[in-house]
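Visitor: I'd like to ask you about the structure that follows.
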Amino acid sequence: MTNQQATPTSTPAEQYDAVIIGAGVSGMYALYHLREMGMSVRVYDGASDIGGTWWYNRYPGARVDGPGSPYYCYTFSEELMQEWDWAETQSTQHDVLEYLSHVADKFDFRKDIQFETWVEDARYDESAQRWTVSTSTGINASAPFLICAVGALSTTNMPNIPGINEFSGECYHTGRWPHEPVSFEGKRVAVIGTGSSGVQSIPEIAKQAEHLTVLQRTAQFTFPANNRALTAEDLAVPRDDFDGMLQRMHENEGGFPIGPFPTGSALDLSPEELNAHYEALWQKGGFGFFNNLFSDIAVSEEANKTLADFVRNKIKESVDDPETARKLMPDHFVMTKRPILDDGYYATYNRDNVTLIDLRDDPIERFTETSVITSTGEHPIDMLVLATGYDAISGTMLRLNPKGRGGVSLKEKWADRFHSYLGMTINGFPNLFMIHGPGSPGVFYNMPLGAERQLAWIGQCLQHLKDQNLGAVEPSIQSETAWGEEVSAIADFTLFPRTDSWWTGANVEGKPRYFTAYLGGGMYYQRIADVAEADYEGFEFEPAV
Ligand code: N01
């Protein structure tokens with residue numbers, strides 16, 4: 001990792017209008033947007049180049065596993081949309097990074113980004129109404145505004161298993177995959193984790209490894225990706241009617257030009273009709289599956305069970321060994337962990353060189369230098385792959401741990417709950433803005449578009465400060481509390497909070513456990529527009545010093 005090696009020598013703080021932390025999808029757009037507003041901006045990122053999560057996630061099989069291309073992209077430039085040819089519906093990590101690199105070249109982003117520079121501290125000076133950041137390279141910077149584009153899925157979740165540090169073979173986390181090629185040939189590999197990263201990498205690793213042992217804690221529902229090459233006709237759709245596409249993206253609940261979501265209940269159909277509907281979606285594959293489900297799948301236990309049973313039947317049909325199929329049967333509400341798109345995941349367990357260990361029946365006791373020992377015995381391995389996910393949504397903000405008014409740290413502020421107003425601002429932390437923070441739609445919305453729309457709001461707010469000669473903006477504690485209640489009320493209407501997931505923080509020991517994302521979909525953007533329209537209702541301002 002590049003983030004904690006340097007010996008900093010303190011230098012006088014460089015002065016900017018805004019400091020942006022993170023050069024991923026959101027940070028790149030923040031740079032573009034604020035620069036277009038005429039602001040002087042500096043971006044810091046620990047990595048060696050742009051891309052954020054896409055820069056780090058180079059594991060085999062890594063692809064967009066959402067609705068995908070050509071709509072997982074920026075929309076701020078029609079020219080960009082017209083000139084970039086996406087290759088497949090589920091773009092590979094390599095293709096996404098190439099696209100982001102093209103954007104960085106086209107708009108000359110890199111000149112304003114300081115790479116291999118980890119922001120170690122950020123402090124607000126109330127008397128000067130400025131943030132000062134200090135970095136691993138000794139560079140300090142000061143600016144009135146701090147934009148935290150630190151990524152919802154960027155701080156890795158490392159399992160705390162006895163002896164894991166004694167394992168002397170190769171060991172890689174999917175979220176910190178090496179840049180050099182990793183060979184699995186002739187090796188005995190173990191993978192811990194069966195979320196999106198595990199489900200994408202397991203079939204690829206199995207094709208090469210001498211033997212693959214999958215250590216599964218929770219069985220998963222996954223759906224066929226049916227990735228395919230995009231045709232000229234596919235690419236023409238957004239290009240021929242760019243404005244129409246934008247409108248459809250803005251109108252859609254998830255920020256993709258698909259839908260509208262159906263309104264009917266799964267329980268209105270006979271079992272035969274329902275099965276035929278699910279079967280047609282399964283055969284078609286892709287994320288379209290989720291847009292053609294019934295409105296009550298995520299809210300009614302009974303409706304949810306119809307889909308869960310359908311997938312459980314698919315697992316039974318796909319996996320030859322009944323005992324392995326039994327271990328692969330998920331028992332949570334379908335969709336309440338992030339749904340996954342896969343390429344032959346369940347069938348991978350039919351290979352002779354793949355073993356599935358269900359950690360609920362057969363838990364890991366410890367690692368040795370050369371093996372993993374579970375309750376039923378020792379499994380010699382040459383390589384360990386940790387597909388164990390992230391301290392998501394709040395983790396990287398807490399790692400940054402900015403200090404706000406009175407030197408109060410974010411760790412103190414967020415000890416019991418990840419308080420925010422509109423998912424972007426925090427009481428006690430004036431002039432600090434988060435992209436995809438807790439309390440925003442974040443990962444429940446097309447993330448590049450979500451970043452663009454949040455930045456449009458933030459830019460408007462900064463312009464308001466400038467026009468009114470104001471120096472600081474901060475949400476009131478009451479507005480923050482009310483927002484938290486709104487976020488929870490929407491989530492509690494659904495089945496989502498009832499399943500342990502990274503959405504609820506249940507994957508990280510000691511983390512406050514509640515559903516942190518705003519589940520109101522596109523309604524969020526209307527809510528934040530209304531706040532601005534109502535003279536920034538819920539915010540407090542200070543005159544400029
Ligand atoms: O992480 P996860 P991920 N012992 O948290 C298990 C996005 N994404 O990296 O479910 C044993 O989903 C854990 O078990 P459990 C996407 O939004 C996008 O896979 O907590 N097991 C789980 O099985 C996704 O949802 C793309 O019981 C342990 C797994 O590790 C999100 O990122 C690609 C364990 C972690 O699954 C995160 O996905 C990949 C332990 N101590 C990801 N700790 C693209 O679009 C954890 N687990 C390209």
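If you're wondering about the labels, chains in the structure tokens are A, B, ... by order shown, residues count from 1 in each chain, ligands from 1 in order shown.
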Could you list the protein, DNA and RNA residues that have any atom within 8 Å of ligand 1, counting only C-alpha atoms and all ligand atoms, and write them as a PyMOL selection string?

Guide: chain A and resi 54+57+62-66+92-93+153+157-161+174-175+192-200+215-220+337-340+359+386-390+392+443+500-502+506-508

Visitor: Per residue of segment 448-517 of chain A within 12 Å of segment 413-418 of chain A, note the shortest atom pair and the distance in Å to one decimal, counting only C-alpha atoms, and order the rows by chain and increasing residue number, as a Markdown table.

Guide:
| residue | atom | partner | partner_atom | distance |
| --- | --- | --- | --- | --- |
| A:Ile477 | CA | A:Lys413 | CA | 11.5 |
| A:Glu480 | CA | A:Phe418 | CA | 10.2 |
| A:Thr481 | CA | A:Arg417 | CA | 10.4 |
| A:Trp483 | CA | A:Phe418 | CA | 11.2 |
| A:Gly484 | CA | A:Phe418 | CA | 8.7 |
| A:Glu485 | CA | A:Arg417 | CA | 11.5 |
| A:Val487 | CA | A:Phe418 | CA | 11.4 |
| A:Ser488 | CA | A:Arg417 | CA | 11.5 |
| A:Thr504 | CA | A:Arg417 | CA | 11.3 |
| A:Gly505 | CA | A:Arg417 | CA | 10.7 |
| A:Gly510 | CA | A:Asp416 | CA | 10.1 |
| A:Lys511 | CA | A:Asp416 | CA | 8.4 |
| A:Pro512 | CA | A:Asp416 | CA | 5.9 |
| A:Arg513 | CA | A:Arg417 | CA | 8.4 |
| A:Tyr514 | CA | A:Arg417 | CA | 8.3 |
| A:Phe515 | CA | A:Phe418 | CA | 10.3 |
| A:Thr516 | CA | A:Phe418 | CA | 7.7 |
| A:Ala517 | CA | A:Phe418 | CA | 10.5 |

Visitor: Would you mind exporting N, CA and C atoms of the selected residues as a short mmCIF file (atom, residue, chain, number, x, y, z; two decimals), in the first residue's frame?

Guide:
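Output file selection.cif is given in full below:
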data_model
loop_
_atom_site.label_atom_id
_atom_site.label_comp_id
_atom_site.auth_asym_id
_atom_site.auth_seq_id
_atom_site.Cartn_x
_atom_site.Cartn_y
_atom_site.Cartn_z
N ILE A 477 -28.33 20.59 14.52
CA ILE A 477 -28.42 19.25 15.13
C ILE A 477 -29.83 18.69 14.93
N GLU A 480 -30.23 17.31 11.44
CA GLU A 480 -29.48 16.06 11.32
C GLU A 480 -30.28 14.90 11.96
N THR A 481 -30.85 15.17 13.12
CA THR A 481 -31.63 14.13 13.82
C THR A 481 -32.84 13.73 12.98
N TRP A 483 -33.21 14.01 9.79
CA TRP A 483 -32.78 13.27 8.58
C TRP A 483 -32.51 11.80 8.93
N GLY A 484 -31.85 11.59 10.05
CA GLY A 484 -31.58 10.21 10.49
C GLY A 484 -32.87 9.44 10.66
N GLU A 485 -33.87 10.11 11.22
CA GLU A 485 -35.16 9.43 11.43
C GLU A 485 -35.83 9.12 10.09
N VAL A 487 -34.29 8.58 7.20
CA VAL A 487 -33.53 7.47 6.57
C VAL A 487 -33.99 6.14 7.18
N SER A 488 -34.09 6.10 8.50
CA SER A 488 -34.45 4.84 9.17
C SER A 488 -35.91 4.46 8.90
N THR A 504 -25.79 -2.72 6.65
CA THR A 504 -26.20 -2.47 8.04
C THR A 504 -24.99 -2.41 8.98
N GLY A 505 -23.79 -2.55 8.44
CA GLY A 505 -22.59 -2.50 9.28
C GLY A 505 -22.34 -3.78 10.05
N GLY A 510 -18.25 -4.43 16.19
CA GLY A 510 -18.33 -3.20 16.98
C GLY A 510 -18.94 -2.01 16.27
N LYS A 511 -19.30 -2.17 14.99
CA LYS A 511 -19.84 -1.04 14.23
C LYS A 511 -21.32 -0.83 14.60
N PRO A 512 -21.77 0.44 14.75
CA PRO A 512 -23.20 0.65 15.00
C PRO A 512 -24.02 -0.08 13.93
N ARG A 513 -25.03 -0.81 14.37
CA ARG A 513 -25.74 -1.65 13.42
C ARG A 513 -27.09 -1.05 13.08
N TYR A 514 -27.16 -0.44 11.91
CA TYR A 514 -28.45 0.04 11.40
C TYR A 514 -28.28 0.31 9.90
N PHE A 515 -29.38 0.43 9.20
CA PHE A 515 -29.31 0.58 7.75
C PHE A 515 -28.99 2.04 7.41
N THR A 516 -27.83 2.26 6.77
CA THR A 516 -27.31 3.63 6.66
C THR A 516 -27.67 4.36 5.36
N ALA A 517 -28.18 3.65 4.37
CA ALA A 517 -28.41 4.33 3.08
C ALA A 517 -29.83 4.90 3.01
#

Visitor: Taking 2 positions as the minimum chain separation for residues in the same chain, which residues sit within 10 Å of Ile202 of chain A when counting only C-alpha atoms? Answer as a list in words.

Guide: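 Listed by chain and then number, they are Pro60, Gly61, Ala190, Val191, Gly193, Thr194, Ser197, Gly198, Val199, Gln200, Glu204, Ile205, Ala206, Lys207, Leu212, Thr213, Val214, Asp342, Asp343, Gly344, Tyr345, Tyr346, Thr348, Tyr349, Val354, Val385 and Ala387 of chain A.
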
Visitor: Those same residues - C-alpha atoms - I'd like them written as a PDB file, in the first residue's frame.

Guide:
ATOM      1  CA  PRO A  60      -9.813 -11.949 -11.610  1.00  0.00           C
ATOM      2  CA  GLY A  61     -13.396 -11.608 -12.824  1.00  0.00           C
ATOM      3  CA  ALA A 190      -8.510 -20.813  -0.349  1.00  0.00           C
ATOM      4  CA  VAL A 191     -11.027 -17.983  -0.751  1.00  0.00           C
ATOM      5  CA  GLY A 193     -15.975 -14.622   1.357  1.00  0.00           C
ATOM      6  CA  THR A 194     -18.873 -15.080  -1.038  1.00  0.00           C
ATOM      7  CA  SER A 197     -15.975 -10.049  -5.072  1.00  0.00           C
ATOM      8  CA  GLY A 198     -15.906 -13.731  -4.079  1.00  0.00           C
ATOM      9  CA  VAL A 199     -18.684 -14.718  -6.481  1.00  0.00           C
ATOM     10  CA  GLN A 200     -16.918 -12.945  -9.375  1.00  0.00           C
ATOM     11  CA  GLU A 204     -12.030 -17.588 -12.526  1.00  0.00           C
ATOM     12  CA  ILE A 205      -9.681 -18.904  -9.845  1.00  0.00           C
ATOM     13  CA  ALA A 206     -11.232 -22.389 -10.114  1.00  0.00           C
ATOM     14  CA  LYS A 207     -10.341 -22.530 -13.836  1.00  0.00           C
ATOM     15  CA  LEU A 212      -9.825 -24.256  -4.664  1.00  0.00           C
ATOM     16  CA  THR A 213     -11.361 -24.321  -1.193  1.00  0.00           C
ATOM     17  CA  VAL A 214     -14.177 -21.835  -0.658  1.00  0.00           C
ATOM     18  CA  ASP A 342     -22.366 -14.043 -11.739  1.00  0.00           C
ATOM     19  CA  ASP A 343     -20.829 -15.996 -14.553  1.00  0.00           C
ATOM     20  CA  GLY A 344     -21.278 -19.686 -13.719  1.00  0.00           C
ATOM     21  CA  TYR A 345     -20.887 -19.363  -9.951  1.00  0.00           C
ATOM     22  CA  TYR A 346     -23.100 -22.227  -8.750  1.00  0.00           C
ATOM     23  CA  THR A 348     -18.286 -23.980 -10.387  1.00  0.00           C
ATOM     24  CA  TYR A 349     -19.028 -26.293  -7.453  1.00  0.00           C
ATOM     25  CA  VAL A 354     -13.431 -27.187  -5.896  1.00  0.00           C
ATOM     26  CA  VAL A 385      -7.677 -14.802  -1.121  1.00  0.00           C
ATOM     27  CA  ALA A 387     -12.873 -11.527  -0.491  1.00  0.00           C
TER      28      ALA A 387
END

Visitor: Atom CA of Leu230 of chain A and atom CA of Thr89 of chain A are how many Å apart?

Guide: 6.1 Å

Visitor: DSSP says alpha helix (DSSP H) for which residues of segment 456-510 of chain A? Put them as a list of chain:residue names?

Guide: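 Selection result, alpha helix (DSSP H) within segment 456-510 of chain A: A:Ala456, A:Trp457, A:Ile458, A:Gly459, A:Gln460, A:Cys461, A:Leu462, A:Gln463, A:His464, A:Leu465, A:Lys466, A:Asp467, A:Ile477, A:Gln478, A:Ser479, A:Glu480, A:Thr481, A:Ala482, A:Trp483, A:Gly484, A:Glu485, A:Glu486, A:Val487, A:Ser488, A:Ala489, A:Ile490, A:Ala491, A:Asp492.
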
Visitor: Taking only C-alpha atoms into account, name the residue in A:Ala325, A:Thr156, A:Glu166, A:Ile50 that is nearest to Phe109 of chain A.

Guide: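 Using only C-alpha atoms, Phe109 of chain A sits closest to A:Ile50.
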
Visitor: Which residues come within 12 Å of segment 314-318 of chain A, counting only C-alpha atoms, excluding same-chain residues fewer than 3 positions away, as a PyMOL selection string?

Guide: chain A and resi 219-224+275+278-279+282-283+307-311+321-330+344-351

Visitor: Using C-alpha atoms, can you export the residues from the last selection as a short mmCIF file (atom, residue, chain, number, x, y, z; two decimals), in the first residue's frame?

Guide:
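After the write, out_0.cif holds the following:
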data_model
loop_
_atom_site.label_atom_id
_atom_site.label_comp_id
_atom_site.auth_asym_id
_atom_site.auth_seq_id
_atom_site.Cartn_x
_atom_site.Cartn_y
_atom_site.Cartn_z
CA ALA A 219 -24.61 -18.53 1.29
CA GLN A 220 -25.63 -16.01 -1.38
CA PHE A 221 -28.35 -15.44 -3.93
CA THR A 222 -26.71 -14.72 -7.25
CA PHE A 223 -28.23 -14.22 -10.70
CA PRO A 224 -26.89 -14.88 -14.21
CA ASN A 275 -42.47 -19.31 -12.11
CA TYR A 278 -39.00 -15.55 -13.00
CA GLU A 279 -37.79 -18.15 -15.51
CA TRP A 282 -33.47 -15.72 -15.32
CA GLN A 283 -32.91 -16.73 -18.96
CA LEU A 307 -38.27 -15.36 -5.49
CA ALA A 308 -36.02 -16.89 -2.83
CA ASP A 309 -37.58 -20.33 -3.46
CA PHE A 310 -37.18 -19.89 -7.22
CA VAL A 311 -33.43 -19.23 -6.83
CA ASP A 321 -23.86 -32.93 -5.28
CA PRO A 322 -26.96 -32.56 -3.05
CA GLU A 323 -24.87 -31.90 0.07
CA THR A 324 -22.95 -29.07 -1.66
CA ALA A 325 -26.24 -27.68 -2.98
CA ARG A 326 -27.63 -27.73 0.57
CA LYS A 327 -24.66 -25.70 1.83
CA LEU A 328 -25.18 -23.16 -0.97
CA MET A 329 -28.83 -22.49 -0.02
CA PRO A 330 -29.20 -18.95 1.33
CA GLY A 344 -21.28 -19.69 -13.72
CA TYR A 345 -20.89 -19.36 -9.95
CA TYR A 346 -23.10 -22.23 -8.75
CA ALA A 347 -21.89 -24.60 -11.50
CA THR A 348 -18.29 -23.98 -10.39
CA TYR A 349 -19.03 -26.29 -7.45
CA ASN A 350 -19.44 -29.20 -9.91
CA ARG A 351 -15.72 -29.07 -10.69
#

Visitor: Could you state the separation of atom CA of Val119 of chain A and atom CA of Pro144 of chain A in Å, given to one decimal place?

Guide: 16.4 Å

Visitor: Could you give me, as a list in words, the residues within 12 Å of His277 of chain A, counting only C-alpha atoms and dropping anything in the same chain fewer than 3 positions from it?

Guide: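 Counting only the stated atoms, we get Ala266, Leu269, Ser270, Pro271, Glu272, Glu273, Leu274, Ala280, Leu281, Trp282, Gln283, Lys284, Phe289, Asn292, Leu293, Phe294, Thr306, Leu307 and Phe310 of chain A.
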